[in-house]
$ cat final.cif   # mmCIF, C-alpha atoms
data_data
loop_
_atom_site.label_atom_id
_atom_site.label_comp_id
_atom_site.auth_asym_id
_atom_site.auth_seq_id
_atom_site.Cartn_x
_atom_site.Cartn_y
_atom_site.Cartn_z
CA MET B 110 39.04 -4.72 141.30
CA VAL B 111 41.27 -3.01 138.73
CA THR B 112 44.90 -4.03 138.61
CA ILE B 113 47.56 -1.75 137.23
CA ARG B 114 50.67 -3.27 135.80
CA ALA B 115 54.09 -1.75 136.30
CA ASP B 116 54.76 -1.46 132.54
CA GLU B 117 51.55 0.61 132.08
CA ILE B 118 52.67 3.01 134.82
CA SER B 119 56.16 3.35 133.34
CA ASN B 120 54.70 4.00 129.85
CA ILE B 121 52.47 6.75 131.23
CA ILE B 122 55.41 8.35 133.05
CA ARG B 123 57.59 8.18 129.90
CA GLU B 124 54.86 9.88 127.83
CA ARG B 125 54.52 12.66 130.40
CA ILE B 126 58.30 13.19 130.48
CA GLU B 127 58.46 13.39 126.67
CA GLN B 128 55.64 15.97 126.62
CA TYR B 129 57.25 18.09 129.36
CA ASN B 130 58.33 21.55 128.17
CA ARG B 131 61.20 23.13 130.09
CA GLU B 132 60.83 26.58 128.55
CA VAL B 133 61.38 29.35 131.09
CA LYS B 134 60.02 32.82 130.46
CA ILE B 135 61.42 35.70 132.49
CA VAL B 136 59.03 38.64 132.86
CA ASN B 137 60.06 42.02 134.24
CA THR B 138 57.23 43.01 136.60
CA GLY B 139 56.49 45.77 139.07
CA THR B 140 53.84 47.06 141.45
CA VAL B 141 51.91 50.34 141.27
CA LEU B 142 52.89 52.63 144.16
CA GLN B 143 50.84 55.66 143.18
CA VAL B 144 48.57 56.66 140.32
CA GLY B 145 46.96 59.98 139.42
CA ASP B 146 46.75 62.58 136.64
CA ASP B 147 47.59 59.92 134.04
CA ILE B 148 50.97 59.24 135.70
CA ALA B 149 51.82 56.10 137.66
CA ARG B 150 54.79 55.44 139.93
CA ILE B 151 55.92 51.84 139.71
CA TYR B 152 58.17 49.92 142.10
CA GLY B 153 60.17 47.19 140.41
CA LEU B 154 60.66 47.08 136.64
CA ASP B 155 64.41 47.09 137.24
CA GLU B 156 65.27 46.26 133.63
CA VAL B 157 62.84 48.68 131.93
CA MET B 158 64.24 51.07 129.31
CA ALA B 159 63.37 54.72 128.75
CA GLY B 160 60.47 54.89 126.32
CA GLU B 161 59.51 51.23 126.78
CA LEU B 162 55.86 50.24 126.71
CA VAL B 163 54.52 48.71 129.91
CA GLU B 164 51.20 46.93 130.36
CA PHE B 165 49.05 47.11 133.48
CA GLU B 166 47.10 44.07 134.62
CA GLU B 167 43.75 45.50 133.48
CA GLY B 168 45.12 46.19 129.97
CA THR B 169 46.12 49.87 129.99
CA ILE B 170 49.37 50.69 128.20
CA GLY B 171 51.93 53.19 129.46
CA ILE B 172 55.34 54.58 128.49
CA ALA B 173 58.19 54.43 131.02
CA LEU B 174 59.83 57.84 131.03
CA ASN B 175 61.22 58.74 134.44
CA LEU B 176 63.73 56.06 135.49
CA GLU B 177 64.77 56.59 139.08
CA SER B 178 66.74 54.31 141.40
CA ASN B 179 63.73 53.15 143.43
CA ASN B 180 60.75 53.65 141.10
CA VAL B 181 59.73 54.30 137.50
CA GLY B 182 57.45 57.09 136.32
CA VAL B 183 55.01 55.91 133.64
CA VAL B 184 52.76 58.08 131.49
CA LEU B 185 49.45 56.32 130.91
CA ILE B 186 48.17 55.98 127.35
CA GLY B 187 44.44 55.64 127.54
CA ASP B 188 41.98 55.35 130.38
CA GLY B 189 43.71 54.46 133.65
CA LEU B 190 40.64 54.59 135.89
CA MET B 191 40.84 50.89 136.77
CA ILE B 192 44.50 51.03 137.86
CA GLN B 193 44.87 50.84 141.63
CA GLU B 194 47.78 50.94 144.03
CA GLY B 195 49.24 47.47 144.40
CA SER B 196 48.20 46.27 140.95
CA SER B 197 50.71 44.50 138.75
CA VAL B 198 52.63 45.95 135.78
CA LYS B 199 54.83 44.14 133.27
CA ALA B 200 57.40 45.42 130.81
CA THR B 201 56.72 44.49 127.20
CA GLY B 202 60.28 44.79 125.90
CA ARG B 203 59.08 47.09 123.07
CA ILE B 204 60.12 50.72 122.73
CA ALA B 205 57.21 53.07 121.99
CA GLN B 206 57.12 53.76 118.26
CA ILE B 207 54.66 55.37 115.91
CA PRO B 208 54.13 54.36 112.30
CA VAL B 209 54.95 56.87 109.59
CA SER B 210 53.04 57.10 106.31
CA ASP B 211 51.18 59.55 104.10
CA ALA B 212 48.14 57.35 104.69
CA TYR B 213 47.76 58.99 108.13
CA LEU B 214 46.89 62.34 106.56
CA GLY B 215 43.24 63.13 107.22
CA ARG B 216 42.71 60.12 109.51
CA VAL B 217 41.63 60.11 113.16
CA ILE B 218 43.89 58.01 115.39
CA ASN B 219 44.30 57.38 119.12
CA ALA B 220 47.46 57.87 121.20
CA LEU B 221 48.83 54.52 120.04
CA ALA B 222 48.36 55.48 116.35
CA LYS B 223 45.45 53.06 115.90
CA PRO B 224 42.69 54.36 113.61
CA ILE B 225 39.42 55.21 115.37
CA ASP B 226 37.53 56.74 112.46
CA GLY B 227 36.11 53.44 111.20
CA ARG B 228 37.87 53.60 107.83
CA GLY B 229 40.03 50.50 108.32
CA GLU B 230 43.67 49.86 109.12
CA ILE B 231 46.50 52.11 107.97
CA SER B 232 49.60 50.68 106.33
CA ALA B 233 52.87 52.37 107.29
CA PHE B 234 56.25 52.18 105.62
CA SER B 235 58.39 53.14 108.61
CA GLN B 236 58.45 53.46 112.41
CA LEU B 237 59.81 56.33 114.52
CA ARG B 238 60.55 56.21 118.24
CA VAL B 239 58.27 58.32 120.40
CA VAL B 240 60.99 59.07 122.94
CA ARG B 241 64.45 59.82 121.67
CA VAL B 242 67.25 59.64 124.19
CA GLY B 243 70.57 61.14 123.26
CA ASN B 244 73.10 63.86 123.81
CA LEU B 245 71.98 67.21 122.46
CA ASN B 246 74.48 69.99 122.77
CA LEU B 247 72.13 72.98 122.95
CA ASP B 248 75.02 75.40 123.07
CA ASP B 249 76.28 74.39 119.63
CA PHE B 250 72.77 74.11 118.21
CA PHE B 251 71.66 77.57 119.33
CA LYS B 252 75.02 79.14 118.64
CA SER B 253 75.03 78.10 115.01
CA SER B 254 71.39 78.90 114.30
CA LEU B 255 71.00 82.08 116.35
CA GLU B 256 74.32 83.65 115.42
CA PHE B 257 73.28 83.20 111.82
CA LEU B 258 70.22 85.31 112.61
CA GLY B 259 72.29 87.88 114.53
CA ILE B 260 70.68 87.12 117.90
CA GLY B 261 72.74 87.37 121.11
CA PRO B 262 71.70 86.04 124.54
CA VAL B 263 68.41 84.14 124.46
CA ARG B 264 65.96 83.55 127.30
CA VAL B 265 64.88 79.91 127.35
CA LEU B 266 62.08 78.16 129.21
CA TRP B 267 61.63 74.43 129.63
CA PHE B 268 59.60 72.10 131.80
CA ASP B 269 61.14 69.69 134.32
CA PHE B 270 58.72 66.74 134.57
CA ARG B 271 60.49 65.22 137.55
CA PHE B 272 59.67 68.13 139.86
CA ASN B 273 56.65 69.41 137.90
CA ARG B 274 57.97 72.94 137.47
CA GLU B 275 59.16 75.34 134.84
CA ILE B 276 62.81 76.34 134.67
CA SER B 277 64.04 79.42 132.88
CA GLY B 278 67.46 80.81 132.16
CA PHE B 279 69.63 82.56 129.64
CA LEU B 280 71.80 81.04 126.95
CA SER B 281 74.65 83.28 125.95
CA PHE B 282 77.24 82.68 123.30
CA GLY B 283 80.72 84.06 123.35
#

$ encode --input "final.cif" --output "structure tokens"
Amino acid sequence: MVTIRADEISNIIRERIEQYNREVKIVNTGTVLQVGDDIARIYGLDEVMAGELVEFEEGTIGIALNLESNNVGVVLIGDGLMIQEGSSVKATGRIAQIPVSDAYLGRVINALAKPIDGRGEISAFSQLRVVRVGNLNLDDFFKSSLEFLGIGPVRVLWFDFRFNREISGFLSFG
């Protein structure tokens, strides 16, 4: 019969305690509520930022664009056929950016700016955000540029992605 001494047990426990890693990693996760037409509605992801990359459990990448109080609208980058309602999504903490370089001229790339033409990697000297959030005063912008051209009231048309409709109106300067 094997006998175990108390000092052997205490040495084993000490070794285990010394090897213990107390690192805690907090991950912002959510659950797919709805998916279709390359758009997914995600519940959770409370700390996600506009333009942040999110990763679905089967590997598809998306960009969080529509931040609402109870869900997040994500545009899928790539094939989202394997994404199902109830699947898990995690925020990556990275804002969607594209590399900038003259080396991209004449190359074939995918939506994430990765080369798909078989000619190797592309080196970039800078990065630009895909989604830019900021205050744009259209009145001042159009007023300065259109008055210079001698144009008065202008009919404008834009697309509201939240309600999936076009909105039109007139900008007038006075």

$ axis_aligned_box --input "final.cif" --around "stretch 124-127 of chain B" --padding-each-side "4 Å" --output "JSON"
{"center_x": 56.5, "center_y": 11.6, "center_z": 128.6, "size_x": 11.9, "size_y": 11.5, "size_z": 11.8}

$ residues_around --input "final.cif" --residues "stretch 144-156 of chain B" --least-positions-apart "2" --cutoff "6 Å" --atoms "only C-alpha atoms" --output "PyMOL selection string"
chain B and resi 137-142+180-185

$ atom_distance --input "final.cif" --atom1 "atom CA of B:Thr201" --atom2 "atom CA of B:Ile172"
10.3 Å

$ atom_distance --input "final.cif" --atom1 "atom CA of B:Tyr129" --atom2 "atom CA of B:Glu166"
28.4 Å

$ residues_near_point --input "final.cif" --point "(61.9, 57.2, 127.3)" --cutoff "12 Å" --atoms "only C-alpha atoms" --output "ChimeraX atom specification"
/B:157-163,171-176,181-184,203-206,238-243

$ atom_distance --input "final.cif" --atom1 "atom CA of B:Lys199" --atom2 "atom CA of B:Glu132"
19.1 Å

$ closest_residue --input "final.cif" --among "B:Pro224, B:Gly215, B:Pro208, B:Gly202" --to "B:Gln236" --atoms "all atoms listed in the file"
B:Pro208

$ resolve_selection --input "final.cif" --expression "the PyMOL selection byres ((chain B and resi 220) around 10)" --output "list in words"
Ile186, Gly187, Ile207, Ile218, Asn219, Leu221, Ala222, Lys223 and Pro224 of chain B

$ resolve_selection --input "final.cif" --expression "the PyMOL selection byres ((chain B and resi 167) around 9)" --output "PyMOL selection string"
chain B and resi 164-166+168-169+189+191-192+196-197

$ closest_residue --input "final.cif" --among "B:Asn130, B:Ile122, B:Leu214, B:Val209" --to "B:Leu237" --atoms "only C-alpha atoms"
B:Val209

$ closest_residue --input "final.cif" --among "B:Ile126, B:Ala233, B:Ile113, B:Ile225" --to "B:Ser210" --atoms "only C-alpha atoms"
B:Ala233
